[in-house]
$ cat structure.txt   # compact mmCIF, C-alpha atoms (C1' of nucleotides)
# COMPACT_ATOMS: atom_id res chain seq x y z
CA MET H 1 -14.01 17.53 22.97
CA HIS H 2 -12.73 16.56 19.59
CA SER H 3 -11.76 19.99 18.35
CA GLY H 4 -8.47 18.93 16.84
CA PRO H 5 -5.98 21.61 15.84
CA VAL H 6 -6.08 20.61 12.21
CA ALA H 7 -9.80 20.20 11.77
CA SER H 8 -10.56 23.56 13.28
CA ARG H 9 -8.77 25.33 10.47
CA SER H 10 -10.59 23.93 7.48
CA ALA H 11 -13.57 21.64 7.54
CA ASP H 12 -14.12 21.25 3.83
CA PRO H 13 -12.09 18.45 2.21
CA ARG H 14 -12.47 20.00 -1.20
CA ASP H 15 -10.60 23.20 -0.56
CA SER H 16 -6.86 23.48 -0.98
CA ARG H 17 -4.04 25.95 -0.95
CA GLU H 18 -4.95 27.00 -4.45
CA SER H 19 -7.90 25.86 -6.48
CA LYS H 20 -6.22 25.91 -9.88
CA ASN H 21 -4.37 22.65 -9.95
CA GLY H 22 -3.53 20.34 -12.79
CA GLY H 23 -4.75 17.06 -11.31
CA GLY H 24 -8.11 15.80 -10.23
CA PRO H 25 -9.99 16.34 -6.95
CA GLN H 26 -8.21 18.43 -4.37
CA LEU H 27 -7.08 17.43 -0.92
CA ASP H 28 -7.04 19.46 2.26
CA ALA H 29 -4.53 19.15 5.05
CA VAL H 30 -6.59 16.61 6.95
CA SER H 31 -6.84 14.18 4.06
CA LEU H 32 -3.13 14.61 3.53
CA ALA H 33 -2.55 13.68 7.15
CA ILE H 34 -4.77 10.63 6.80
CA ILE H 35 -2.82 9.52 3.76
CA GLU H 36 0.42 9.93 5.64
CA GLN H 37 -0.90 7.73 8.42
CA LEU H 38 -1.84 5.05 5.93
CA GLN H 39 1.51 5.33 4.21
CA GLU H 40 3.14 4.34 7.47
CA ASP H 41 0.75 1.45 7.97
CA GLY H 42 -2.00 0.64 5.53
CA ARG H 43 -3.88 -1.36 8.15
CA ARG H 44 -3.90 1.21 10.92
CA PRO H 45 -7.34 1.35 12.63
CA TYR H 46 -9.57 4.29 11.86
CA ALA H 47 -9.74 5.29 15.50
CA ALA H 48 -5.96 5.58 15.74
CA ILE H 49 -5.86 7.65 12.57
CA GLY H 50 -8.60 9.88 13.90
CA LYS H 51 -6.66 10.49 17.07
CA ALA H 52 -3.58 11.44 15.06
CA VAL H 53 -5.31 13.84 12.69
CA GLY H 54 -7.98 15.23 15.01
CA LEU H 55 -11.10 13.63 13.57
CA SER H 56 -13.62 11.12 14.79
CA GLU H 57 -13.44 7.51 13.78
CA ALA H 58 -16.54 7.82 11.61
CA ALA H 59 -15.21 10.86 9.78
CA VAL H 60 -11.93 9.13 9.02
CA ARG H 61 -13.84 6.15 7.73
CA GLN H 62 -15.86 8.34 5.37
CA ARG H 63 -12.78 10.18 4.13
CA VAL H 64 -10.81 7.04 3.50
CA GLN H 65 -13.69 5.47 1.65
CA LYS H 66 -14.04 8.55 -0.50
CA LEU H 67 -10.33 8.72 -1.26
CA LEU H 68 -10.47 5.08 -2.28
CA ASP H 69 -13.59 5.56 -4.42
CA GLN H 70 -12.14 8.61 -6.13
CA GLY H 71 -8.98 6.72 -6.95
CA VAL H 72 -6.84 9.28 -5.18
CA MET H 73 -5.24 6.55 -3.12
CA GLN H 74 -5.18 2.81 -2.93
CA ILE H 75 -4.11 0.57 -0.08
CA VAL H 76 -2.05 -2.31 -1.37
CA ALA H 77 0.78 -4.64 -0.55
CA VAL H 78 4.01 -3.79 -2.31
CA THR H 79 6.87 -6.25 -2.50
CA ASP H 80 10.51 -6.44 -3.38
CA PRO H 81 10.46 -7.96 -6.90
CA LEU H 82 13.59 -9.97 -6.10
CA THR H 83 11.91 -11.92 -3.34
CA VAL H 84 8.91 -12.82 -5.46
CA GLY H 85 10.92 -14.36 -8.26
CA PHE H 86 11.62 -11.49 -10.64
CA ARG H 87 15.36 -11.35 -10.92
CA ARG H 88 15.88 -9.09 -13.91
CA GLN H 89 14.68 -5.55 -14.25
CA ALA H 90 15.54 -2.83 -16.69
CA MET H 91 14.63 0.69 -17.65
CA VAL H 92 14.14 1.04 -21.37
CA GLY H 93 14.24 4.33 -23.23
CA VAL H 94 12.17 4.30 -26.41
CA ASN H 95 12.24 6.56 -29.45
CA VAL H 96 9.10 6.73 -31.51
CA GLU H 97 8.18 7.81 -35.00
CA GLY H 98 4.56 8.82 -35.41
CA ASP H 99 2.05 8.77 -32.58
CA VAL H 100 3.77 8.40 -29.24
CA GLU H 101 0.59 7.76 -27.31
CA SER H 102 -0.43 4.74 -29.33
CA VAL H 103 2.97 3.19 -28.71
CA ALA H 104 2.61 3.97 -25.03
CA ASP H 105 -0.75 2.24 -25.00
CA ALA H 106 0.72 -0.85 -26.63
CA LEU H 107 3.46 -1.01 -24.02
CA THR H 108 0.99 -0.41 -21.23
CA ALA H 109 -0.90 -3.50 -22.33
CA MET H 110 2.18 -5.67 -21.74
CA ALA H 111 2.22 -7.34 -18.34
CA GLU H 112 5.99 -7.07 -18.01
CA CYS H 113 5.87 -3.29 -18.30
CA GLU H 114 5.48 -2.13 -14.75
CA TYR H 115 5.82 1.55 -15.45
CA VAL H 116 5.24 3.53 -18.64
CA VAL H 117 5.79 7.28 -18.91
CA MET H 118 5.96 9.76 -21.77
CA THR H 119 8.94 12.06 -21.42
CA ALA H 120 10.64 15.10 -22.85
CA GLY H 121 14.31 14.65 -23.71
CA SER H 122 16.26 12.23 -25.82
CA PHE H 123 13.67 9.51 -25.24
CA ASP H 124 9.99 9.74 -26.02
CA LEU H 125 9.06 7.02 -23.59
CA MET H 126 10.61 5.36 -20.61
CA VAL H 127 9.45 1.92 -19.57
CA GLU H 128 10.36 -0.18 -16.58
CA ILE H 129 10.47 -3.90 -17.29
CA VAL H 130 10.18 -6.64 -14.67
CA CYS H 131 11.20 -10.11 -15.77
CA GLU H 132 11.94 -13.50 -14.32
CA ASP H 133 15.32 -14.07 -15.94
CA ASP H 134 17.64 -12.96 -18.73
CA ASP H 135 15.85 -14.94 -21.41
CA HIS H 136 12.58 -13.36 -20.46
CA LEU H 137 14.10 -9.90 -20.45
CA LEU H 138 15.72 -10.41 -23.82
CA GLU H 139 12.48 -11.61 -25.33
CA VAL H 140 10.48 -8.68 -24.01
CA ILE H 141 12.91 -6.05 -25.20
CA ASN H 142 13.97 -7.44 -28.55
CA LYS H 143 10.88 -9.31 -29.63
CA ARG H 144 7.94 -7.58 -28.06
CA ILE H 145 8.83 -3.92 -27.55
CA ARG H 146 10.71 -3.53 -30.81
CA ALA H 147 7.85 -5.20 -32.64
CA VAL H 148 5.43 -2.45 -31.67
CA PRO H 149 4.63 -0.33 -34.74
CA GLY H 150 6.19 3.12 -34.42
CA VAL H 151 9.13 2.09 -32.24
CA ARG H 152 12.21 3.48 -33.92
CA SER H 153 14.87 2.47 -31.40
CA THR H 154 15.38 1.46 -27.79
CA GLU H 155 18.13 1.71 -25.24
CA SER H 156 18.23 -0.55 -22.21
CA PHE H 157 19.53 0.02 -18.71
CA VAL H 158 19.65 -3.24 -16.83
CA TYR H 159 19.24 -2.87 -13.08
CA LEU H 160 22.28 -3.80 -11.07
CA LYS H 161 21.09 -2.75 -7.66
CA LEU H 162 17.95 -1.07 -6.39
CA LYS H 163 19.00 1.45 -3.79
CA LYS H 164 15.79 3.22 -2.89
CA GLN H 165 12.10 2.83 -3.49
CA THR H 166 9.66 4.74 -1.36
CA TYR H 167 5.96 5.45 -1.30
CA MET H 168 6.12 8.53 0.87
CA TRP H 169 4.54 11.17 -1.30
CA GLY H 170 3.06 13.85 0.84
CA THR H 171 5.03 12.82 3.89
CA ARG H 172 7.76 15.36 3.41
CA MET X 1 -12.41 -29.12 6.74
CA HIS X 2 -9.79 -26.62 5.83
CA SER X 3 -7.77 -28.73 3.42
CA GLY X 4 -7.34 -26.09 0.75
CA PRO X 5 -5.96 -27.13 -2.62
CA VAL X 6 -2.95 -24.87 -2.31
CA ALA X 7 -1.95 -25.67 1.25
CA SER X 8 -2.04 -29.39 0.68
CA ARG X 9 0.86 -29.16 -1.71
CA SER X 10 3.46 -27.50 0.46
CA ALA X 11 3.16 -26.47 4.06
CA ASP X 12 6.56 -24.94 4.65
CA PRO X 13 6.76 -21.23 3.80
CA ARG X 14 10.50 -21.41 3.44
CA ASP X 15 10.66 -23.81 0.51
CA SER X 16 10.40 -22.68 -3.09
CA ARG X 17 10.67 -23.90 -6.63
CA GLU X 18 14.44 -23.86 -6.32
CA SER X 19 16.47 -23.17 -3.24
CA LYS X 20 19.35 -21.36 -4.93
CA ASN X 21 17.95 -17.92 -5.52
CA GLY X 22 19.57 -14.54 -5.56
CA GLY X 23 17.29 -12.73 -3.18
CA GLY X 24 16.48 -13.13 0.47
CA PRO X 25 14.01 -15.46 2.16
CA GLN X 26 12.00 -17.64 -0.14
CA LEU X 27 8.28 -17.74 -0.63
CA ASP X 28 6.06 -20.72 -1.27
CA ALA X 29 2.88 -20.74 -3.28
CA VAL X 30 0.70 -19.97 -0.30
CA SER X 31 2.57 -16.82 0.67
CA LEU X 32 2.45 -15.76 -2.95
CA ALA X 33 -1.29 -16.21 -2.92
CA ILE X 34 -1.57 -14.20 0.29
CA ILE X 35 0.44 -11.38 -1.27
CA GLU X 36 -1.80 -11.40 -4.30
CA GLN X 37 -4.84 -11.05 -2.08
CA LEU X 38 -3.29 -8.09 -0.32
CA GLN X 39 -2.28 -6.52 -3.60
CA GLU X 40 -5.93 -6.40 -4.54
CA ASP X 41 -6.91 -4.93 -1.19
CA GLY X 42 -4.43 -4.21 1.53
CA ARG X 43 -7.15 -4.19 4.17
CA ARG X 44 -8.77 -7.47 3.30
CA PRO X 45 -9.59 -9.43 6.48
CA TYR X 46 -7.39 -12.37 7.38
CA ALA X 47 -10.36 -14.71 7.40
CA ALA X 48 -11.26 -13.83 3.82
CA ILE X 49 -7.66 -14.33 2.75
CA GLY X 50 -7.58 -17.64 4.55
CA LYS X 51 -10.65 -18.82 2.73
CA ALA X 52 -9.11 -17.83 -0.59
CA VAL X 53 -5.76 -19.54 -0.04
CA GLY X 54 -6.88 -22.50 2.08
CA LEU X 55 -5.51 -21.56 5.49
CA SER X 56 -6.95 -20.69 8.85
CA GLU X 57 -7.33 -17.09 9.90
CA ALA X 58 -4.57 -17.38 12.49
CA ALA X 59 -2.14 -18.94 10.05
CA VAL X 60 -2.67 -16.15 7.56
CA ARG X 61 -2.09 -13.64 10.33
CA GLN X 62 1.21 -15.24 11.27
CA ARG X 63 2.38 -15.38 7.68
CA VAL X 64 1.47 -11.79 7.00
CA GLN X 65 3.23 -10.65 10.15
CA LYS X 66 6.34 -12.54 9.17
CA LEU X 67 6.33 -11.18 5.64
CA LEU X 68 6.04 -7.71 7.12
CA ASP X 69 8.80 -8.31 9.68
CA GLN X 70 11.12 -9.76 7.06
CA GLY X 71 10.55 -6.77 4.84
CA VAL X 72 9.36 -8.95 2.00
CA MET X 73 6.21 -6.88 1.72
CA GLN X 74 4.70 -3.77 3.15
CA ILE X 75 1.09 -2.66 3.22
CA VAL X 76 0.84 1.02 2.41
CA ALA X 77 -1.30 3.66 0.79
CA VAL X 78 -0.03 4.74 -2.61
CA THR X 79 -1.23 7.89 -4.29
CA ASP X 80 -1.10 9.65 -7.59
CA PRO X 81 1.62 12.31 -7.08
CA LEU X 82 -0.39 14.82 -9.11
CA THR X 83 -3.29 14.78 -6.69
CA VAL X 84 -1.09 15.36 -3.68
CA GLY X 85 0.56 18.46 -5.07
CA PHE X 86 3.66 17.20 -6.86
CA ARG X 87 3.31 18.46 -10.38
CA ARG X 88 6.76 17.88 -11.82
CA GLN X 89 8.53 14.61 -12.10
CA ALA X 90 11.59 13.53 -14.00
CA MET X 91 13.85 10.60 -14.56
CA VAL X 92 17.50 11.58 -14.34
CA GLY X 93 20.32 9.51 -15.74
CA VAL X 94 23.62 10.06 -13.92
CA ASN X 95 27.20 9.34 -14.93
CA VAL X 96 29.70 8.90 -12.16
CA GLU X 97 33.45 9.01 -11.80
CA GLY X 98 34.80 7.05 -8.87
CA ASP X 99 32.61 5.11 -6.49
CA VAL X 100 29.10 4.75 -7.84
CA GLU X 101 27.65 3.42 -4.62
CA SER X 102 28.64 6.43 -2.56
CA VAL X 103 26.93 8.71 -5.07
CA ALA X 104 23.88 6.48 -4.95
CA ASP X 105 23.84 6.77 -1.17
CA ALA X 106 24.00 10.54 -1.37
CA LEU X 107 21.06 10.63 -3.77
CA THR X 108 19.13 8.16 -1.65
CA ALA X 109 19.38 10.57 1.24
CA MET X 110 17.55 13.26 -0.72
CA ALA X 111 13.82 13.38 -0.04
CA GLU X 112 12.97 14.34 -3.61
CA CYS X 113 14.58 11.19 -4.96
CA GLU X 114 11.77 8.69 -4.97
CA TYR X 115 13.65 5.94 -6.73
CA VAL X 116 17.38 5.28 -7.05
CA VAL X 117 18.84 2.37 -9.01
CA MET X 118 22.31 1.44 -10.21
CA THR X 119 22.29 0.39 -13.85
CA ALA X 120 24.39 -1.06 -16.64
CA GLY X 121 24.40 0.94 -19.86
CA SER X 122 25.14 4.50 -20.76
CA PHE X 123 24.12 5.70 -17.30
CA ASP X 124 25.55 4.51 -14.01
CA LEU X 125 22.50 5.57 -12.04
CA MET X 126 18.90 6.35 -12.76
CA VAL X 127 16.95 8.48 -10.33
CA GLU X 128 13.30 9.43 -10.26
CA ILE X 129 12.63 12.90 -8.94
CA VAL X 130 9.31 14.12 -7.54
CA CYS X 131 8.94 17.88 -7.15
CA GLU X 132 6.28 20.45 -6.49
CA ASP X 133 6.99 22.75 -9.43
CA ASP X 134 9.54 23.69 -12.06
CA ASP X 135 11.64 25.80 -9.73
CA HIS X 136 11.89 22.96 -7.30
CA LEU X 137 12.83 20.54 -10.04
CA LEU X 138 15.47 22.83 -11.41
CA GLU X 139 17.01 23.32 -8.02
CA VAL X 140 17.16 19.62 -7.27
CA ILE X 141 18.75 18.68 -10.56
CA ASN X 142 21.16 21.54 -11.08
CA LYS X 143 22.04 22.49 -7.55
CA ARG X 144 21.73 19.36 -5.47
CA ILE X 145 22.36 16.37 -7.68
CA ARG X 146 25.19 17.95 -9.65
CA ALA X 147 26.78 19.08 -6.41
CA VAL X 148 27.25 15.52 -5.23
CA PRO X 149 30.96 14.62 -5.39
CA GLY X 150 31.61 12.10 -8.15
CA VAL X 151 28.74 13.15 -10.40
CA ARG X 152 30.23 13.70 -13.81
CA SER X 153 27.12 14.51 -15.80
CA THR X 154 23.35 14.14 -15.80
CA GLU X 155 20.61 13.88 -18.37
CA SER X 156 17.01 14.67 -17.52
CA PHE X 157 13.76 13.28 -18.84
CA VAL X 158 10.86 15.37 -17.64
CA TYR X 159 7.61 13.45 -17.32
CA LEU X 160 4.90 14.54 -19.71
CA LYS X 161 2.33 11.91 -18.93
CA LEU X 162 2.29 8.89 -16.69
CA LYS X 163 0.62 6.08 -18.57
CA LYS X 164 0.95 3.11 -16.27
CA GLN X 165 2.00 2.39 -12.74
CA THR X 166 1.13 -0.94 -11.18
CA TYR X 167 1.97 -2.80 -8.04
CA MET X 168 1.02 -6.23 -9.29
CA TRP X 169 4.25 -8.15 -8.95
CA GLY X 170 3.48 -11.83 -8.54
CA THR X 171 -0.06 -11.43 -9.80
CA ARG X 172 0.69 -12.38 -13.35
C1' DC W 1 12.06 -43.76 18.33
C1' DC W 2 12.14 -39.42 20.45
C1' DC W 3 13.15 -34.54 20.45
C1' DG W 4 13.14 -29.87 19.02
C1' DC W 5 11.46 -26.67 15.87
C1' DT W 6 8.06 -24.63 13.18
C1' DT W 7 3.53 -24.18 11.55
C1' DC W 8 -1.28 -24.76 11.77
C1' DT W 9 -5.65 -24.85 14.21
C1' DG W 10 -9.30 -23.73 17.51
C1' DC W 11 -11.22 -20.74 20.65
C1' DG W 12 -12.42 -17.15 23.84
C1' DA W 13 -11.73 -11.99 24.80
C1' DA W 14 -10.95 -7.56 23.23
C1' DA W 15 -10.99 -4.32 19.68
C1' DT W 16 -12.52 -2.79 15.39
C1' DC W 17 -15.58 -2.04 11.65
C1' DC W 18 -19.96 -0.55 9.91
C1' DG W 19 -24.40 1.49 9.34
C1' DC W 20 -27.57 4.60 11.23
C1' DA W 21 -29.80 8.58 13.43
C1' DA W 22 -29.91 13.20 15.56
C1' DG W 23 -27.85 17.55 16.17
C1' DC W 24 -24.33 21.13 15.18
C1' DC W 25 -22.11 24.40 12.31
C1' DG W 26 -20.14 27.09 8.49
C1' DA W 27 -20.64 28.38 3.61
C1' DG W 28 -23.12 29.76 -0.03
C1' DA W 29 -27.66 30.81 -2.39
C1' DC W 30 -31.76 33.43 -2.43
C1' DG C 1 -32.12 37.53 7.22
C1' DT C 2 -33.37 32.70 6.19
C1' DC C 3 -32.67 28.36 3.87
C1' DT C 4 -30.37 24.54 2.24
C1' DC C 5 -26.51 21.67 1.82
C1' DG C 6 -22.43 19.22 3.04
C1' DG C 7 -19.51 17.73 6.47
C1' DC C 8 -18.44 16.61 11.22
C1' DT C 9 -19.57 14.71 15.83
C1' DT C 10 -21.59 11.87 19.11
C1' DG C 11 -23.71 7.87 20.37
C1' DC C 12 -25.32 3.46 19.67
C1' DG C 13 -25.65 -1.52 18.89
C1' DG C 14 -24.38 -5.73 16.30
C1' DA C 15 -21.52 -8.08 13.16
C1' DT C 16 -16.99 -8.76 12.16
C1' DT C 17 -12.22 -8.83 12.88
C1' DT C 18 -8.12 -8.91 15.41
C1' DC C 19 -5.29 -10.87 18.91
C1' DG C 20 -3.03 -13.96 22.16
C1' DC C 21 -2.52 -18.46 23.69
C1' DA C 22 -2.72 -23.52 24.23
C1' DG C 23 -2.72 -27.77 21.95
C1' DA C 24 -2.04 -30.70 17.89
C1' DA C 25 0.45 -31.90 13.74
C1' DG C 26 4.26 -32.27 10.39
C1' DC C 27 9.19 -32.75 9.70
C1' DG C 28 14.17 -33.39 10.02
C1' DG C 29 18.17 -34.71 13.14
C1' DG C 30 20.30 -37.37 16.75

$ encode --input "structure.txt" --output "structure tokens"
Amino acid sequence: MHSGPVASRSADPRDSRESKNGGGPQLDAVSLAIIEQLQEDGRRPYAAIGKAVGLSEAAVRQRVQKLLDQGVMQIVAVTDPLTVGFRRQAMVGVNVEGDVESVADALTAMAECEYVVMTAGSFDLMVEIVCEDDDHLLEVINKRIRAVPGVRSTESFVYLKLKKQTYMWGTR
Amino acid sequence: MHSGPVASRSADPRDSRESKNGGGPQLDAVSLAIIEQLQEDGRRPYAAIGKAVGLSEAAVRQRVQKLLDQGVMQIVAVTDPLTVGFRRQAMVGVNVEGDVESVADALTAMAECEYVVMTAGSFDLMVEIVCEDDDHLLEVINKRIRAVPGVRSTESFVYLKLKKQTYMWGTR
DNA sequence: CCCGCTTCTGCGAAATCCGCAAGCCGAGAC
DNA sequence: GTCTCGGCTTGCGGATTTCGCAGAAGCGGG
């Protein structure tokens, strides 16, 4: 009775369109569909998800648990920083002399750095900073980031208006 | 019996440290605590949250529902883009002639633009792009973004390695 | 003081979550 | 072929959670 159209095609969650893939464990179409369901509503009941993706409640439960355990996905509350008291944000481009990764690790350790990525281009690193006010922002950029050994220079882009922020990977 | 240490201080979710605040509706300490609980685990039961913040199960439920309705927070699954098949990401700085906001709106409408923000500094806009492969990335940057009326120039920063990505606003 | 508004609480009823067992089925190994 | 293994399904109870609603409590305005 539960022979869903998706499940009938591929029953093994480990297979994928192609097996050579850069990242970690692979996802099949069903797990993708489950993730999409949980991206719409992280608290959706397992039974409802199962109905949508063509799986039983128990199977969905197992898959979700596995995805969580593997670290493929996490179910969390995300907020608008403005409404929780963080009024200044900025993207900071960083140029490094020496080991880029060690600088990245130092920035990662800072609570105000929400996002740290190594890049190709005229910056070696890009860092998103979330602060409470201008003083806080100034301190983080000029005192803390520039004090990290290996940081040659920085360029700041203060946020004026956040236009879009989605969490819809895989939903396209 | 349920006189929690946090709730006893302020019972009105609308008040805050200071009433003049840039953003939208204000949050009191209890709502903050609820958000923190849900940032650790978006599926945590209301009763467990209530015990942690000193509120009844029903009260937590009402608060969460209101936070969701107001758009202050959303409970969603977030994934590592790599594991869901998006292997190329980039930050793109954009310079605009004319109305910046209309360009921002055009970029916001593009599915590949995960993040769009207006900035002060040597770029007018910064956009995060999530793509499946190099061809896709190239097409988005050179064909689609540069085709938007008002875009004067762009500079791309291809992601080499994502070092940190948190959703812990308010948890510090 | 009383009223209106909002929030919190308490409590049943319904739904969900969770673990478990038995059987099915396809894929791969031997 | 046969075997094993992993995953899915079905079914089941019991514990837990969610949900809606009525009543009480706090708070500011008239």

$ closest_atom_pairs --input "structure.txt" --of "chain W" --to "chain H" --cutoff "10 Å" --atoms "all atoms listed in the file" --output "tab-separated table"
residue	atom	partner	partner_atom	distance
W:DA15	C1'	H:Pro45	CA	9.8
W:DT16	C1'	H:Pro45	CA	7.2
W:DC17	C1'	H:Tyr46	CA	8.7
W:DC18	C1'	H:Ala58	CA	9.2
W:DG26	C1'	H:Ala11	CA	8.6
W:DA27	C1'	H:Asp12	CA	9.7

$ closest_atom_pairs --input "structure.txt" --of "chain X" --to "chain H" --cutoff "6 Å" --atoms "all atoms listed in the file" --output "JSON lines"
{"residue": "X:Gly23", "atom": "CA", "partner": "H:Thr83", "partner_atom": "CA", "distance": 5.4}
{"residue": "X:Leu38", "atom": "CA", "partner": "H:Ala77", "partner_atom": "CA", "distance": 5.3}
{"residue": "X:Gln39", "atom": "CA", "partner": "H:Ala77", "partner_atom": "CA", "distance": 4.7}
{"residue": "X:Asp41", "atom": "CA", "partner": "H:Val76", "partner_atom": "CA", "distance": 5.5}
{"residue": "X:Gly42", "atom": "CA", "partner": "H:Val76", "partner_atom": "CA", "distance": 4.2}
{"residue": "X:Arg43", "atom": "CA", "partner": "H:Arg43", "partner_atom": "CA", "distance": 5.9}
{"residue": "X:Val72", "atom": "CA", "partner": "H:Thr79", "partner_atom": "CA", "distance": 5.8}
{"residue": "X:Met73", "atom": "CA", "partner": "H:Thr79", "partner_atom": "CA", "distance": 4.3}
{"residue": "X:Gln74", "atom": "CA", "partner": "H:Ala77", "partner_atom": "CA", "distance": 5.5}
{"residue": "X:Ile75", "atom": "CA", "partner": "H:Ala77", "partner_atom": "CA", "distance": 4.3}
{"residue": "X:Val76", "atom": "CA", "partner": "H:Gly42", "partner_atom": "CA", "distance": 4.2}
{"residue": "X:Ala77", "atom": "CA", "partner": "H:Ile75", "partner_atom": "CA", "distance": 4.3}
{"residue": "X:Val78", "atom": "CA", "partner": "H:Gln74", "partner_atom": "CA", "distance": 5.5}
{"residue": "X:Thr79", "atom": "CA", "partner": "H:Met73", "partner_atom": "CA", "distance": 4.4}
{"residue": "X:Leu82", "atom": "CA", "partner": "H:Gly23", "partner_atom": "CA", "distance": 5.4}
{"residue": "X:Thr83", "atom": "CA", "partner": "H:Gly23", "partner_atom": "CA", "distance": 5.4}
{"residue": "X:Glu114", "atom": "CA", "partner": "H:Thr166", "partner_atom": "CA", "distance": 5.8}
{"residue": "X:Tyr115", "atom": "CA", "partner": "H:Gln165", "partner_atom": "CA", "distance": 4.8}
{"residue": "X:Val116", "atom": "CA", "partner": "H:Lys164", "partner_atom": "CA", "distance": 4.9}
{"residue": "X:Val117", "atom": "CA", "partner": "H:Leu162", "partner_atom": "CA", "distance": 4.4}
{"residue": "X:Met118", "atom": "CA", "partner": "H:Lys161", "partner_atom": "CA", "distance": 5.1}
{"residue": "X:Thr119", "atom": "CA", "partner": "H:Tyr159", "partner_atom": "CA", "distance": 4.5}
{"residue": "X:Ala120", "atom": "CA", "partner": "H:Val158", "partner_atom": "CA", "distance": 5.2}
{"residue": "X:Gly121", "atom": "CA", "partner": "H:Phe157", "partner_atom": "CA", "distance": 5.1}
{"residue": "X:Phe157", "atom": "CA", "partner": "H:Gly121", "partner_atom": "CA", "distance": 5.1}
{"residue": "X:Val158", "atom": "CA", "partner": "H:Ala120", "partner_atom": "CA", "distance": 5.2}
{"residue": "X:Tyr159", "atom": "CA", "partner": "H:Thr119", "partner_atom": "CA", "distance": 4.5}
{"residue": "X:Leu160", "atom": "CA", "partner": "H:Thr119", "partner_atom": "CA", "distance": 5.0}
{"residue": "X:Lys161", "atom": "CA", "partner": "H:Met118", "partner_atom": "CA", "distance": 5.1}
{"residue": "X:Leu162", "atom": "CA", "partner": "H:Val117", "partner_atom": "CA", "distance": 4.4}
{"residue": "X:Lys163", "atom": "CA", "partner": "H:Val116", "partner_atom": "CA", "distance": 5.3}
{"residue": "X:Lys164", "atom": "CA", "partner": "H:Val116", "partner_atom": "CA", "distance": 4.9}
{"residue": "X:Gln165", "atom": "CA", "partner": "H:Tyr115", "partner_atom": "CA", "distance": 4.8}
{"residue": "X:Thr166", "atom": "CA", "partner": "H:Glu114", "partner_atom": "CA", "distance": 5.8}

$ write_last_selection --input "structure.txt" --atoms "C-alpha atoms" --output "PDB file, in the frame of the given file"
ATOM      1  CA  GLY X  23      17.290 -12.730  -3.180  1.00  0.00           C
ATOM      2  CA  LEU X  38      -3.290  -8.090  -0.320  1.00  0.00           C
ATOM      3  CA  GLN X  39      -2.280  -6.520  -3.600  1.00  0.00           C
ATOM      4  CA  ASP X  41      -6.910  -4.930  -1.190  1.00  0.00           C
ATOM      5  CA  GLY X  42      -4.430  -4.210   1.530  1.00  0.00           C
ATOM      6  CA  ARG X  43      -7.150  -4.190   4.170  1.00  0.00           C
ATOM      7  CA  VAL X  72       9.360  -8.950   2.000  1.00  0.00           C
ATOM      8  CA  MET X  73       6.210  -6.880   1.720  1.00  0.00           C
ATOM      9  CA  GLN X  74       4.700  -3.770   3.150  1.00  0.00           C
ATOM     10  CA  ILE X  75       1.090  -2.660   3.220  1.00  0.00           C
ATOM     11  CA  VAL X  76       0.840   1.020   2.410  1.00  0.00           C
ATOM     12  CA  ALA X  77      -1.300   3.660   0.790  1.00  0.00           C
ATOM     13  CA  VAL X  78      -0.030   4.740  -2.610  1.00  0.00           C
ATOM     14  CA  THR X  79      -1.230   7.890  -4.290  1.00  0.00           C
ATOM     15  CA  LEU X  82      -0.390  14.820  -9.110  1.00  0.00           C
ATOM     16  CA  THR X  83      -3.290  14.780  -6.690  1.00  0.00           C
ATOM     17  CA  GLU X 114      11.770   8.690  -4.970  1.00  0.00           C
ATOM     18  CA  TYR X 115      13.650   5.940  -6.730  1.00  0.00           C
ATOM     19  CA  VAL X 116      17.380   5.280  -7.050  1.00  0.00           C
ATOM     20  CA  VAL X 117      18.840   2.370  -9.010  1.00  0.00           C
ATOM     21  CA  MET X 118      22.310   1.440 -10.210  1.00  0.00           C
ATOM     22  CA  THR X 119      22.290   0.390 -13.850  1.00  0.00           C
ATOM     23  CA  ALA X 120      24.390  -1.060 -16.640  1.00  0.00           C
ATOM     24  CA  GLY X 121      24.400   0.940 -19.860  1.00  0.00           C
ATOM     25  CA  PHE X 157      13.760  13.280 -18.840  1.00  0.00           C
ATOM     26  CA  VAL X 158      10.860  15.370 -17.640  1.00  0.00           C
ATOM     27  CA  TYR X 159       7.610  13.450 -17.320  1.00  0.00           C
ATOM     28  CA  LEU X 160       4.900  14.540 -19.710  1.00  0.00           C
ATOM     29  CA  LYS X 161       2.330  11.910 -18.930  1.00  0.00           C
ATOM     30  CA  LEU X 162       2.290   8.890 -16.690  1.00  0.00           C
ATOM     31  CA  LYS X 163       0.620   6.080 -18.570  1.00  0.00           C
ATOM     32  CA  LYS X 164       0.950   3.110 -16.270  1.00  0.00           C
ATOM     33  CA  GLN X 165       2.000   2.390 -12.740  1.00  0.00           C
ATOM     34  CA  THR X 166       1.130  -0.940 -11.180  1.00  0.00           C
TER      35      THR X 166
END

$ closest_atom_pairs --input "structure.txt" --of "chain C" --to "chain X" --cutoff "10 Å" --atoms "only C-alpha atoms (C1' of nucleotides)" --output "JSON lines"
{"residue": "C:DT16", "atom": "C1'", "partner": "X:Pro45", "partner_atom": "CA", "distance": 9.4}
{"residue": "C:DT17", "atom": "C1'", "partner": "X:Pro45", "partner_atom": "CA", "distance": 6.9}
{"residue": "C:DT18", "atom": "C1'", "partner": "X:Tyr46", "partner_atom": "CA", "distance": 8.8}
{"residue": "C:DC19", "atom": "C1'", "partner": "X:Ala58", "partner_atom": "CA", "distance": 9.2}
{"residue": "C:DG26", "atom": "C1'", "partner": "X:Ala11", "partner_atom": "CA", "distance": 8.7}
{"residue": "C:DC27", "atom": "C1'", "partner": "X:Asp12", "partner_atom": "CA", "distance": 9.7}
